[in-house]
Each structure stands twice: as C-alpha cells, then as structure tokens.
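The file target.cif comes next; it holds mmCIF, N, CA and C atoms.
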```
data_model
#
loop_
_atom_site.label_atom_id
_atom_site.label_comp_id
_atom_site.auth_asym_id
_atom_site.auth_seq_id
_atom_site.Cartn_x
_atom_site.Cartn_y
_atom_site.Cartn_z
N MET A 1 43.43 43.32 95.10
CA MET A 1 44.59 44.19 95.05
C MET A 1 45.19 44.14 93.64
N PRO A 2 45.45 45.29 93.05
CA PRO A 2 46.02 45.30 91.69
C PRO A 2 47.44 44.76 91.67
N ARG A 3 47.82 44.29 90.51
CA ARG A 3 49.18 43.82 90.29
C ARG A 3 49.79 44.64 89.18
N ALA A 4 51.07 44.97 89.32
CA ALA A 4 51.75 45.78 88.31
C ALA A 4 52.81 44.94 87.61
N TYR A 5 52.86 45.10 86.30
CA TYR A 5 53.92 44.52 85.47
C TYR A 5 54.79 45.69 85.04
N VAL A 6 56.09 45.58 85.27
CA VAL A 6 57.00 46.69 85.03
C VAL A 6 58.17 46.21 84.18
N ALA A 7 58.56 47.03 83.23
CA ALA A 7 59.78 46.78 82.46
C ALA A 7 60.42 48.13 82.20
N GLU A 8 61.73 48.13 82.09
CA GLU A 8 62.43 49.38 81.78
C GLU A 8 63.75 49.09 81.10
N CYS A 9 64.26 50.13 80.45
CA CYS A 9 65.57 50.04 79.82
C CYS A 9 66.12 51.45 79.68
N ARG A 10 67.42 51.52 79.43
CA ARG A 10 68.06 52.80 79.16
C ARG A 10 68.39 52.86 77.68
N LEU A 11 68.12 54.01 77.07
CA LEU A 11 68.37 54.19 75.64
C LEU A 11 69.35 55.33 75.45
N ALA A 12 70.25 55.15 74.51
CA ALA A 12 71.28 56.16 74.24
C ALA A 12 70.78 57.18 73.22
N ALA A 13 69.61 57.74 73.50
CA ALA A 13 69.02 58.76 72.63
C ALA A 13 68.16 59.66 73.51
N PRO A 14 67.99 60.92 73.12
CA PRO A 14 67.14 61.81 73.93
C PRO A 14 65.67 61.40 73.83
N PRO A 15 64.87 61.83 74.82
CA PRO A 15 63.45 61.45 74.84
C PRO A 15 62.70 61.76 73.53
N GLU A 16 63.04 62.85 72.86
CA GLU A 16 62.33 63.20 71.63
C GLU A 16 62.50 62.12 70.55
N ARG A 17 63.69 61.53 70.45
CA ARG A 17 63.92 60.50 69.44
C ARG A 17 63.25 59.18 69.83
N VAL A 18 63.25 58.88 71.13
CA VAL A 18 62.57 57.66 71.60
C VAL A 18 61.06 57.82 71.40
N TRP A 19 60.55 59.01 71.69
CA TRP A 19 59.13 59.30 71.52
C TRP A 19 58.70 59.07 70.07
N ALA A 20 59.53 59.51 69.14
CA ALA A 20 59.21 59.35 67.72
C ALA A 20 59.02 57.87 67.37
N VAL A 21 59.80 57.00 67.96
CA VAL A 21 59.65 55.56 67.71
C VAL A 21 58.39 55.05 68.42
N LEU A 22 58.19 55.47 69.65
CA LEU A 22 57.06 54.99 70.45
C LEU A 22 55.71 55.34 69.83
N VAL A 23 55.61 56.50 69.20
CA VAL A 23 54.32 56.91 68.63
C VAL A 23 54.21 56.61 67.13
N ASP A 24 55.22 55.98 66.56
CA ASP A 24 55.15 55.54 65.16
C ASP A 24 54.43 54.19 65.15
N LEU A 25 53.14 54.22 65.39
CA LEU A 25 52.36 53.00 65.60
C LEU A 25 52.38 52.07 64.39
N GLY A 26 52.40 52.62 63.21
CA GLY A 26 52.42 51.80 62.00
C GLY A 26 53.66 50.94 61.86
N ALA A 27 54.74 51.32 62.54
CA ALA A 27 55.99 50.56 62.45
C ALA A 27 56.06 49.43 63.47
N TYR A 28 55.15 49.36 64.41
CA TYR A 28 55.22 48.33 65.46
C TYR A 28 55.37 46.91 64.91
N PRO A 29 54.65 46.52 63.86
CA PRO A 29 54.80 45.14 63.38
C PRO A 29 56.24 44.79 62.98
N ARG A 30 57.01 45.78 62.60
CA ARG A 30 58.38 45.54 62.16
C ARG A 30 59.33 45.26 63.33
N TRP A 31 59.10 45.89 64.48
CA TRP A 31 60.09 45.77 65.55
C TRP A 31 59.57 45.27 66.89
N ASN A 32 58.28 45.34 67.12
CA ASN A 32 57.74 45.04 68.45
C ASN A 32 57.26 43.59 68.55
N PRO A 33 57.91 42.75 69.36
CA PRO A 33 57.52 41.35 69.44
C PRO A 33 56.26 41.10 70.27
N PHE A 34 55.80 42.09 71.00
CA PHE A 34 54.63 41.93 71.87
C PHE A 34 53.38 42.57 71.26
N THR A 35 53.48 43.83 70.89
CA THR A 35 52.35 44.53 70.28
C THR A 35 52.53 44.44 68.78
N LEU A 36 51.87 43.47 68.18
CA LEU A 36 52.07 43.18 66.76
C LEU A 36 51.41 44.21 65.86
N GLN A 37 50.39 44.85 66.39
CA GLN A 37 49.68 45.88 65.63
C GLN A 37 49.01 46.81 66.62
N VAL A 38 49.04 48.09 66.31
CA VAL A 38 48.34 49.07 67.14
C VAL A 38 47.86 50.20 66.24
N ARG A 39 46.63 50.59 66.47
CA ARG A 39 46.04 51.70 65.71
C ARG A 39 45.39 52.67 66.68
N SER A 40 45.69 53.93 66.49
CA SER A 40 45.08 54.98 67.30
C SER A 40 45.38 56.33 66.66
N SER A 41 44.49 57.26 66.87
CA SER A 41 44.74 58.64 66.43
C SER A 41 45.71 59.34 67.39
N LEU A 42 45.91 58.75 68.56
CA LEU A 42 46.69 59.32 69.65
C LEU A 42 46.06 60.59 70.23
N ALA A 43 44.77 60.76 69.97
CA ALA A 43 44.02 61.85 70.60
C ALA A 43 43.42 61.32 71.90
N VAL A 44 43.59 62.07 72.97
CA VAL A 44 43.07 61.64 74.27
C VAL A 44 41.57 61.38 74.15
N GLY A 45 41.15 60.23 74.68
CA GLY A 45 39.76 59.82 74.62
C GLY A 45 39.45 58.86 73.49
N ASP A 46 40.34 58.77 72.50
CA ASP A 46 40.12 57.88 71.36
C ASP A 46 40.58 56.45 71.67
N PRO A 47 40.06 55.49 70.91
CA PRO A 47 40.45 54.10 71.15
C PRO A 47 41.89 53.81 70.72
N VAL A 48 42.44 52.79 71.35
CA VAL A 48 43.73 52.21 70.99
C VAL A 48 43.44 50.74 70.72
N ASP A 49 43.43 50.37 69.44
CA ASP A 49 43.14 48.99 69.05
C ASP A 49 44.45 48.26 68.83
N MET A 50 44.59 47.12 69.52
CA MET A 50 45.85 46.39 69.48
C MET A 50 45.65 44.91 69.19
N VAL A 51 46.70 44.34 68.63
CA VAL A 51 46.84 42.89 68.55
C VAL A 51 48.14 42.59 69.28
N VAL A 52 48.04 41.82 70.36
CA VAL A 52 49.24 41.49 71.15
C VAL A 52 49.50 40.00 71.10
N TRP A 53 50.77 39.64 71.24
CA TRP A 53 51.19 38.25 71.22
C TRP A 53 51.35 37.75 72.65
N MET A 54 50.53 36.78 73.01
CA MET A 54 50.62 36.16 74.32
C MET A 54 51.30 34.81 74.14
N ARG A 55 52.53 34.70 74.61
CA ARG A 55 53.30 33.47 74.45
C ARG A 55 52.49 32.29 74.97
N GLY A 56 52.41 31.27 74.13
CA GLY A 56 51.69 30.07 74.50
C GLY A 56 50.18 30.17 74.30
N ARG A 57 49.69 31.35 73.94
CA ARG A 57 48.25 31.54 73.76
C ARG A 57 47.91 32.15 72.41
N GLY A 58 48.89 32.68 71.71
CA GLY A 58 48.64 33.28 70.40
C GLY A 58 48.29 34.75 70.50
N THR A 59 47.63 35.24 69.45
CA THR A 59 47.31 36.66 69.40
C THR A 59 46.00 36.96 70.12
N VAL A 60 45.96 38.14 70.69
CA VAL A 60 44.77 38.62 71.40
C VAL A 60 44.48 40.02 70.90
N ARG A 61 43.24 40.26 70.50
CA ARG A 61 42.81 41.61 70.11
C ARG A 61 42.21 42.29 71.32
N GLN A 62 42.55 43.56 71.47
CA GLN A 62 41.96 44.30 72.58
C GLN A 62 41.84 45.77 72.22
N ARG A 63 40.87 46.38 72.86
CA ARG A 63 40.65 47.82 72.69
C ARG A 63 40.79 48.48 74.05
N GLU A 64 41.64 49.49 74.06
CA GLU A 64 41.78 50.32 75.25
C GLU A 64 41.56 51.76 74.81
N TRP A 65 41.66 52.70 75.73
CA TRP A 65 41.34 54.10 75.44
C TRP A 65 42.48 54.98 75.92
N LEU A 66 42.86 55.92 75.05
CA LEU A 66 43.97 56.80 75.37
C LEU A 66 43.57 57.80 76.44
N GLU A 67 44.35 57.85 77.51
CA GLU A 67 44.10 58.77 78.61
C GLU A 67 45.06 59.95 78.63
N VAL A 68 46.33 59.70 78.26
CA VAL A 68 47.36 60.74 78.30
C VAL A 68 48.29 60.56 77.11
N CYS A 69 48.59 61.67 76.44
CA CYS A 69 49.59 61.67 75.38
C CYS A 69 50.36 62.99 75.51
N GLU A 70 51.44 62.95 76.29
CA GLU A 70 52.24 64.14 76.58
C GLU A 70 53.62 63.96 75.97
N ALA A 71 53.81 64.51 74.78
CA ALA A 71 55.11 64.39 74.10
C ALA A 71 56.13 65.25 74.82
N PRO A 72 57.34 64.80 74.96
CA PRO A 72 57.88 63.49 74.65
C PRO A 72 58.09 62.64 75.90
N SER A 73 57.09 62.60 76.79
CA SER A 73 57.38 61.97 78.07
C SER A 73 56.40 60.92 78.58
N ARG A 74 55.14 60.94 78.14
CA ARG A 74 54.18 60.06 78.80
C ARG A 74 53.05 59.66 77.88
N LEU A 75 52.77 58.35 77.87
CA LEU A 75 51.69 57.78 77.07
C LEU A 75 50.94 56.80 77.97
N VAL A 76 49.62 56.99 78.09
CA VAL A 76 48.82 56.15 78.98
C VAL A 76 47.54 55.72 78.27
N TRP A 77 47.27 54.40 78.32
CA TRP A 77 45.96 53.93 77.87
C TRP A 77 45.41 52.95 78.86
N ALA A 78 44.08 52.78 78.83
CA ALA A 78 43.43 51.96 79.84
C ALA A 78 42.24 51.21 79.25
N LEU A 79 41.98 50.07 79.88
CA LEU A 79 40.81 49.26 79.54
C LEU A 79 39.58 49.93 80.15
N ARG A 80 38.51 49.97 79.38
CA ARG A 80 37.25 50.50 79.89
C ARG A 80 36.17 49.46 79.68
N ILE A 81 35.59 49.01 80.76
CA ILE A 81 34.42 48.14 80.65
C ILE A 81 33.34 48.73 81.55
N PRO A 82 32.08 48.38 81.31
CA PRO A 82 30.99 48.99 82.07
C PRO A 82 31.05 48.73 83.58
N VAL A 83 31.72 47.67 83.99
CA VAL A 83 31.81 47.35 85.41
C VAL A 83 33.29 47.26 85.82
N PRO A 84 33.92 48.43 86.07
CA PRO A 84 35.35 48.43 86.34
C PRO A 84 35.76 47.65 87.59
N TRP A 85 34.85 47.46 88.52
CA TRP A 85 35.20 46.66 89.70
C TRP A 85 35.46 45.20 89.33
N LEU A 86 34.95 44.80 88.16
CA LEU A 86 35.16 43.44 87.69
C LEU A 86 36.56 43.26 87.11
N LEU A 87 37.00 44.23 86.28
CA LEU A 87 38.33 44.18 85.69
C LEU A 87 38.71 45.57 85.20
N TRP A 88 39.92 45.98 85.52
CA TRP A 88 40.45 47.23 84.99
C TRP A 88 41.94 47.04 84.73
N ALA A 89 42.45 47.84 83.78
CA ALA A 89 43.87 47.81 83.46
C ALA A 89 44.28 49.20 82.99
N ARG A 90 45.49 49.59 83.34
CA ARG A 90 46.01 50.90 82.94
C ARG A 90 47.51 50.77 82.69
N ARG A 91 47.91 51.11 81.47
CA ARG A 91 49.32 51.03 81.09
C ARG A 91 49.88 52.42 80.90
N GLU A 92 50.98 52.67 81.57
CA GLU A 92 51.67 53.94 81.44
C GLU A 92 53.08 53.69 80.92
N GLN A 93 53.46 54.46 79.90
CA GLN A 93 54.82 54.41 79.37
C GLN A 93 55.43 55.79 79.57
N ARG A 94 56.60 55.82 80.20
CA ARG A 94 57.27 57.08 80.50
C ARG A 94 58.65 57.11 79.89
N LEU A 95 59.03 58.28 79.43
CA LEU A 95 60.37 58.54 78.94
C LEU A 95 60.97 59.59 79.85
N LEU A 96 62.02 59.20 80.57
CA LEU A 96 62.64 60.07 81.56
C LEU A 96 64.05 60.44 81.12
N PRO A 97 64.36 61.74 81.06
CA PRO A 97 65.72 62.13 80.70
C PRO A 97 66.71 61.46 81.66
N ASP A 98 67.79 60.95 81.10
CA ASP A 98 68.79 60.24 81.89
C ASP A 98 70.16 60.57 81.31
N GLY A 99 70.77 61.65 81.79
CA GLY A 99 72.02 62.12 81.22
C GLY A 99 71.77 62.55 79.78
N GLU A 100 72.54 61.98 78.84
CA GLU A 100 72.33 62.28 77.43
C GLU A 100 71.34 61.31 76.78
N GLY A 101 70.83 60.39 77.56
CA GLY A 101 69.91 59.39 77.04
C GLY A 101 68.54 59.48 77.67
N THR A 102 67.86 58.34 77.66
CA THR A 102 66.49 58.26 78.16
C THR A 102 66.30 56.95 78.92
N ARG A 103 65.57 57.03 79.99
CA ARG A 103 65.14 55.83 80.69
C ARG A 103 63.68 55.59 80.31
N TYR A 104 63.40 54.43 79.72
CA TYR A 104 62.04 54.04 79.35
C TYR A 104 61.49 53.15 80.47
N VAL A 105 60.30 53.48 80.95
CA VAL A 105 59.65 52.69 81.98
C VAL A 105 58.21 52.46 81.56
N THR A 106 57.78 51.20 81.58
CA THR A 106 56.38 50.88 81.31
C THR A 106 55.82 50.13 82.51
N VAL A 107 54.63 50.53 82.93
CA VAL A 107 53.95 49.91 84.07
C VAL A 107 52.52 49.63 83.64
N ASP A 108 52.10 48.38 83.80
CA ASP A 108 50.72 47.99 83.51
C ASP A 108 50.12 47.46 84.80
N GLU A 109 49.13 48.17 85.31
CA GLU A 109 48.43 47.73 86.51
C GLU A 109 47.13 47.08 86.09
N ILE A 110 46.85 45.93 86.67
CA ILE A 110 45.63 45.19 86.38
C ILE A 110 44.97 44.83 87.71
N GLY A 111 43.68 45.13 87.82
CA GLY A 111 42.98 44.85 89.06
C GLY A 111 41.52 44.53 88.82
N GLY A 112 40.79 44.47 89.89
CA GLY A 112 39.38 44.11 89.84
C GLY A 112 39.19 42.66 90.24
N LEU A 113 37.95 42.27 90.34
CA LEU A 113 37.60 40.92 90.77
C LEU A 113 38.23 39.84 89.88
N LEU A 114 38.31 40.10 88.56
CA LEU A 114 38.89 39.13 87.64
C LEU A 114 40.40 39.30 87.45
N GLY A 115 40.99 40.28 88.12
CA GLY A 115 42.43 40.51 88.02
C GLY A 115 43.25 39.26 88.30
N PRO A 116 42.97 38.52 89.39
CA PRO A 116 43.75 37.31 89.66
C PRO A 116 43.65 36.26 88.55
N VAL A 117 42.52 36.20 87.88
CA VAL A 117 42.37 35.25 86.77
C VAL A 117 43.26 35.66 85.61
N VAL A 118 43.28 36.95 85.31
CA VAL A 118 44.15 37.47 84.25
C VAL A 118 45.61 37.16 84.60
N HIS A 119 46.00 37.40 85.83
CA HIS A 119 47.38 37.13 86.25
C HIS A 119 47.72 35.65 86.11
N LEU A 120 46.80 34.81 86.51
CA LEU A 120 47.03 33.37 86.43
C LEU A 120 47.17 32.91 84.98
N LEU A 121 46.27 33.37 84.11
CA LEU A 121 46.27 32.91 82.72
C LEU A 121 47.29 33.62 81.84
N LEU A 122 47.51 34.90 82.07
CA LEU A 122 48.31 35.70 81.15
C LEU A 122 49.51 36.40 81.77
N GLY A 123 49.67 36.32 83.06
CA GLY A 123 50.70 37.07 83.75
C GLY A 123 52.11 36.86 83.21
N ARG A 124 52.48 35.62 82.98
CA ARG A 124 53.83 35.36 82.46
C ARG A 124 54.01 35.93 81.06
N SER A 125 52.97 35.85 80.25
CA SER A 125 53.03 36.41 78.90
C SER A 125 53.12 37.93 78.93
N ILE A 126 52.36 38.54 79.83
CA ILE A 126 52.41 40.00 79.95
C ILE A 126 53.80 40.44 80.39
N ALA A 127 54.34 39.80 81.41
CA ALA A 127 55.67 40.15 81.90
C ALA A 127 56.71 39.97 80.78
N TRP A 128 56.65 38.84 80.07
CA TRP A 128 57.57 38.61 78.95
C TRP A 128 57.40 39.71 77.90
N GLY A 129 56.14 40.03 77.55
CA GLY A 129 55.86 40.99 76.49
C GLY A 129 56.43 42.37 76.77
N PHE A 130 56.28 42.84 78.00
CA PHE A 130 56.78 44.18 78.32
C PHE A 130 58.31 44.21 78.34
N THR A 131 58.92 43.14 78.85
CA THR A 131 60.38 43.06 78.84
C THR A 131 60.90 42.99 77.40
N ALA A 132 60.24 42.17 76.58
CA ALA A 132 60.65 42.03 75.17
C ALA A 132 60.45 43.34 74.42
N MET A 133 59.36 44.05 74.70
CA MET A 133 59.13 45.32 74.01
C MET A 133 60.17 46.35 74.40
N ALA A 134 60.52 46.43 75.69
CA ALA A 134 61.52 47.40 76.12
C ALA A 134 62.85 47.15 75.42
N ALA A 135 63.27 45.89 75.35
CA ALA A 135 64.53 45.55 74.67
C ALA A 135 64.44 45.87 73.18
N ALA A 136 63.31 45.57 72.57
CA ALA A 136 63.13 45.84 71.14
C ALA A 136 63.09 47.34 70.86
N LEU A 137 62.50 48.11 71.77
CA LEU A 137 62.48 49.57 71.61
C LEU A 137 63.91 50.11 71.59
N ALA A 138 64.74 49.61 72.49
CA ALA A 138 66.14 50.05 72.52
C ALA A 138 66.83 49.72 71.20
N ARG A 139 66.59 48.51 70.68
CA ARG A 139 67.22 48.14 69.40
C ARG A 139 66.70 49.00 68.26
N GLU A 140 65.40 49.28 68.24
CA GLU A 140 64.82 50.08 67.16
C GLU A 140 65.32 51.52 67.21
N VAL A 141 65.43 52.09 68.38
CA VAL A 141 65.96 53.45 68.51
C VAL A 141 67.40 53.48 68.01
N ALA A 142 68.20 52.49 68.40
CA ALA A 142 69.60 52.42 67.94
C ALA A 142 69.66 52.22 66.43
N ARG A 143 68.79 51.39 65.89
CA ARG A 143 68.76 51.17 64.44
C ARG A 143 68.44 52.46 63.70
N ARG A 144 67.45 53.20 64.18
CA ARG A 144 67.08 54.45 63.51
C ARG A 144 68.15 55.52 63.65
N ASP A 145 68.91 55.45 64.74
CA ASP A 145 69.97 56.44 64.95
C ASP A 145 71.27 56.04 64.26
N GLY A 146 71.40 54.76 63.87
CA GLY A 146 72.64 54.27 63.29
C GLY A 146 72.79 54.64 61.84
N PRO A 147 73.84 54.11 61.20
CA PRO A 147 74.07 54.36 59.77
C PRO A 147 72.87 53.94 58.95
N GLY A 148 72.39 54.81 58.13
CA GLY A 148 71.25 54.52 57.27
C GLY A 148 69.92 54.64 57.99
N GLY A 149 69.94 55.03 59.29
CA GLY A 149 68.70 55.19 60.06
C GLY A 149 67.91 56.38 59.57
N SER A 150 66.68 56.48 60.04
CA SER A 150 65.80 57.54 59.57
C SER A 150 65.78 58.75 60.49
N SER A 151 66.48 58.72 61.61
CA SER A 151 66.47 59.87 62.52
C SER A 151 67.62 60.80 62.24
#
```

In structure tokens, what does this structure look like?
Amino acid sequence: MPRAYVAECRLAAPPERVWAVLVDLGAYPRWNPFTLQVRSSLAVGDPVDMVVWMRGRGTVRQREWLEVCEAPSRLVWALRIPVPWLLWARREQRLLPDGEGTRYVTVDEIGGLLGPVVHLLLGRSIAWGFTAMAAALAREVARRDGPGGSS
C-alpha cells in the first residue's frame, strides 16, 4: 500500500507569483533546505535531476521525470524504474487560489515492494523535507514580494 507525505502552507501572493518561485530551479540552493539543487528543462517527459538533503543521512542524488507542468497550478514528477512494482514515487505540487493568496500543497506518494523500506529509512527525512520546503517557499515568496524583492 502506498504512503503519502503531505505538506502545505498558505502564501500571501497570487498563484502566478508563487509559480515563478517554484519553477526558478536555479534559485533553489539559496532558499530550499530540502532540495539543494534541481535541474530540468521543465518540458514534460524530460528528466528532473535533484540533490536532496536527508536529515541524518546527508545528500542524495536522484533522477525523476516530469509528468505535468501546468502553469501556474500544477507540477508533477515521478520516479521511473524498469520494475515499478518494486518501487515507485510520484510528487505533485499544487498551487490553489485562496482568496487573494495561494494555498501550496505538495504530496509525495511512494509505493511498491520496497516502499516500506524507503519509509523506514527515509520517511522522517522526507516528511521533514516537505514541511521545511513549504515554509521556506512562503518565506521566499514574501522576500521576493517585499522591499527590494524581484517581483
């Protein structure tokens, strides 16, 4: 049975401004405590190469594949291995209009035969990482919107 890791926050900016931060992949090392580096063309079907910080375990390099890039509302990438019944993962990030702001929701589902092993070894780090990223996204959006910001 798959397990989902979920984090969310409310941002005092419209989805278009949050989207601009979310897809500014080159800036991730400056503000994102979980995804230290990410590279992708953001074209559906292309790879998403990441370096993520797993608390207590250090950095982990991984390659996933972009499935959905719908500005300014939805970004999805997933792990692809030749035997998906062994392990699969799919992360969806959504930006939902919420009054004059945006609700950010990220859900990462992990399943397959090795899913319980991933949860046992990395589950706490994954949960921390998504929560930390959501909070950092809110700070980065506010920073860019504040005095001297780039938005």

Requested in this report: Run DSSP on the backbone and grab whatever in chain A lands in strand (DSSP E or B); send it over as a VMD selection string.
Outcome: chain A and resid 3 to 11 35 to 39 47 to 54 58 to 70 74 to 78 88 to 98 101 to 111

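Among the candidates A:Tyr104, A:Leu121, A:Ala138, A:Asp49, the residue lying nearest to Arg61 (chain A) is A:Asp49 (atoms considered: all atoms listed in the file).
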
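Shortest separation to Val51 (chain A) among A:Ile110, A:Leu25, A:Val117, A:Leu137 occurs at residue A:Leu25, atoms counted being only C-alpha atoms.
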
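Note that the spacing between CA of Met1 (chain A) and CA of Val107 (chain A) amounts to 15.5 Å.
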
Report task. List the residues matched by the PyMOL selection byres ((chain A and resi 7-20) around 5) in the displayed structure as number ranges by chain, ordered by chain and then by residue number. Result -> A: 5-6, 21-24, 100-106

Just write the chosen residues, N, CA and C atoms, as a PDB file, in the frame of the given file.
```pdb
ATOM      1  N   TYR A   5      52.860  45.100  86.300  1.00  0.00           N
ATOM      2  CA  TYR A   5      53.920  44.520  85.470  1.00  0.00           C
ATOM      3  C   TYR A   5      54.790  45.690  85.040  1.00  0.00           C
ATOM      4  N   VAL A   6      56.090  45.580  85.270  1.00  0.00           N
ATOM      5  CA  VAL A   6      57.000  46.690  85.030  1.00  0.00           C
ATOM      6  C   VAL A   6      58.170  46.210  84.180  1.00  0.00           C
ATOM      7  N   VAL A  21      59.800  57.000  67.960  1.00  0.00           N
ATOM      8  CA  VAL A  21      59.650  55.560  67.710  1.00  0.00           C
ATOM      9  C   VAL A  21      58.390  55.050  68.420  1.00  0.00           C
ATOM     10  N   LEU A  22      58.190  55.470  69.650  1.00  0.00           N
ATOM     11  CA  LEU A  22      57.060  54.990  70.450  1.00  0.00           C
ATOM     12  C   LEU A  22      55.710  55.340  69.830  1.00  0.00           C
ATOM     13  N   VAL A  23      55.610  56.500  69.200  1.00  0.00           N
ATOM     14  CA  VAL A  23      54.320  56.910  68.630  1.00  0.00           C
ATOM     15  C   VAL A  23      54.210  56.610  67.130  1.00  0.00           C
ATOM     16  N   ASP A  24      55.220  55.980  66.560  1.00  0.00           N
ATOM     17  CA  ASP A  24      55.150  55.540  65.160  1.00  0.00           C
ATOM     18  C   ASP A  24      54.430  54.190  65.150  1.00  0.00           C
ATOM     19  N   GLU A 100      72.540  61.980  78.840  1.00  0.00           N
ATOM     20  CA  GLU A 100      72.330  62.280  77.430  1.00  0.00           C
ATOM     21  C   GLU A 100      71.340  61.310  76.780  1.00  0.00           C
ATOM     22  N   GLY A 101      70.830  60.390  77.560  1.00  0.00           N
ATOM     23  CA  GLY A 101      69.910  59.390  77.040  1.00  0.00           C
ATOM     24  C   GLY A 101      68.540  59.480  77.670  1.00  0.00           C
ATOM     25  N   THR A 102      67.860  58.340  77.660  1.00  0.00           N
ATOM     26  CA  THR A 102      66.490  58.260  78.160  1.00  0.00           C
ATOM     27  C   THR A 102      66.300  56.950  78.920  1.00  0.00           C
ATOM     28  N   ARG A 103      65.570  57.030  79.990  1.00  0.00           N
ATOM     29  CA  ARG A 103      65.140  55.830  80.690  1.00  0.00           C
ATOM     30  C   ARG A 103      63.680  55.590  80.310  1.00  0.00           C
ATOM     31  N   TYR A 104      63.400  54.430  79.720  1.00  0.00           N
ATOM     32  CA  TYR A 104      62.040  54.040  79.350  1.00  0.00           C
ATOM     33  C   TYR A 104      61.490  53.150  80.470  1.00  0.00           C
ATOM     34  N   VAL A 105      60.300  53.480  80.950  1.00  0.00           N
ATOM     35  CA  VAL A 105      59.650  52.690  81.980  1.00  0.00           C
ATOM     36  C   VAL A 105      58.210  52.460  81.560  1.00  0.00           C
ATOM     37  N   THR A 106      57.780  51.200  81.580  1.00  0.00           N
ATOM     38  CA  THR A 106      56.380  50.880  81.310  1.00  0.00           C
ATOM     39  C   THR A 106      55.820  50.130  82.510  1.00  0.00           C
TER      40      THR A 106
END
```

Query - alpha helix (DSSP H) positions in chain A, given as a ChimeraX atom specification - result: /A:15-22,28-31,115-145

Query raised in the report: So what does the PyMOL selection byres ((chain A and resi 2) around 7) actually pick up in this one, as a PyMOL selection string?
Result: chain A and resi 1+3-4+109-112

Save the residues we just selected, N, CA and C atoms, as a short mmCIF file (atom, residue, chain, number, x, y, z; two decimals), in the coordinates of the input?
```cif
data_model
loop_
_atom_site.label_atom_id
_atom_site.label_comp_id
_atom_site.auth_asym_id
_atom_site.auth_seq_id
_atom_site.Cartn_x
_atom_site.Cartn_y
_atom_site.Cartn_z
N MET A 1 43.43 43.32 95.10
CA MET A 1 44.59 44.19 95.05
C MET A 1 45.19 44.14 93.64
N ARG A 3 47.82 44.29 90.51
CA ARG A 3 49.18 43.82 90.29
C ARG A 3 49.79 44.64 89.18
N ALA A 4 51.07 44.97 89.32
CA ALA A 4 51.75 45.78 88.31
C ALA A 4 52.81 44.94 87.61
N GLU A 109 49.13 48.17 85.31
CA GLU A 109 48.43 47.73 86.51
C GLU A 109 47.13 47.08 86.09
N ILE A 110 46.85 45.93 86.67
CA ILE A 110 45.63 45.19 86.38
C ILE A 110 44.97 44.83 87.71
N GLY A 111 43.68 45.13 87.82
CA GLY A 111 42.98 44.85 89.06
C GLY A 111 41.52 44.53 88.82
N GLY A 112 40.79 44.47 89.89
CA GLY A 112 39.38 44.11 89.84
C GLY A 112 39.19 42.66 90.24
#
```

Using only N, CA and C atoms and a cutoff of 5 Å, can you tell me which residues are near (48.1, 50.8, 84.7) in the file's coordinates, and write them out as an mmCIF file with N, CA and C atoms, keeping the file's coordinate frame?
```
data_model
loop_
_atom_site.group_PDB
_atom_site.id
_atom_site.type_symbol
_atom_site.label_atom_id
_atom_site.label_comp_id
_atom_site.auth_asym_id
_atom_site.auth_seq_id
_atom_site.Cartn_x
_atom_site.Cartn_y
_atom_site.Cartn_z
ATOM 1 N N ALA A 89 42.450 47.840 83.780
ATOM 2 C CA ALA A 89 43.870 47.810 83.460
ATOM 3 C C ALA A 89 44.280 49.200 82.990
ATOM 4 N N ARG A 90 45.490 49.590 83.340
ATOM 5 C CA ARG A 90 46.010 50.900 82.940
ATOM 6 C C ARG A 90 47.510 50.770 82.690
ATOM 7 N N ARG A 91 47.910 51.110 81.470
ATOM 8 C CA ARG A 91 49.320 51.030 81.090
ATOM 9 C C ARG A 91 49.880 52.420 80.900
ATOM 10 N N GLU A 92 50.980 52.670 81.570
ATOM 11 C CA GLU A 92 51.670 53.940 81.440
ATOM 12 C C GLU A 92 53.080 53.690 80.920
ATOM 13 N N VAL A 107 54.630 50.530 82.930
ATOM 14 C CA VAL A 107 53.950 49.910 84.070
ATOM 15 C C VAL A 107 52.520 49.630 83.640
ATOM 16 N N ASP A 108 52.100 48.380 83.800
ATOM 17 C CA ASP A 108 50.720 47.990 83.510
ATOM 18 C C ASP A 108 50.120 47.460 84.800
ATOM 19 N N GLU A 109 49.130 48.170 85.310
ATOM 20 C CA GLU A 109 48.430 47.730 86.510
ATOM 21 C C GLU A 109 47.130 47.080 86.090
#
```

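The result of the PyMOL selection byres ((chain A and resi 31-48) around 5) on the shown file is Ala27, Tyr28, Pro29, Arg30, Asp49, Met50, Val51, Val52, Trp53, Arg63, Glu64, Trp65, Leu66, Glu67 and Gly129 of chain A.
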
I'd like the box whose edges run along x, y and z of the file and which contains every listed atom of region 85-97 of chain A, padded by 5 Å per side; could you state its centre and edge lengths in Å, one decimal, as AutoDock Vina command-line options?
```
--center_x 50.8 --center_y 52.7 --center_z 84.3 --size_x 41.9 --size_y 28.9 --size_z 20.8
```

Query - d(CA of Leu96 (chain A), CA of Val68 (chain A)) in Å - result: 15.6 Å

Query - Non-local contacts of Met54 (chain A) (7 Å; all atoms listed in the file; under 2 positions in same chain excluded) as a ChimeraX atom specification - result: /A:34,52,56-60,125-126

Query raised in the report: Pick the closest to Arg94 (chain A) from A:Leu75, A:Val141, A:Ile81, A:Leu113: which is it, counting all atoms listed in the file?
Result: A:Leu75

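Rounded to one decimal, CA of Val76 (chain A) and CA of Gln62 (chain A) lie 15.1 Å from each other.
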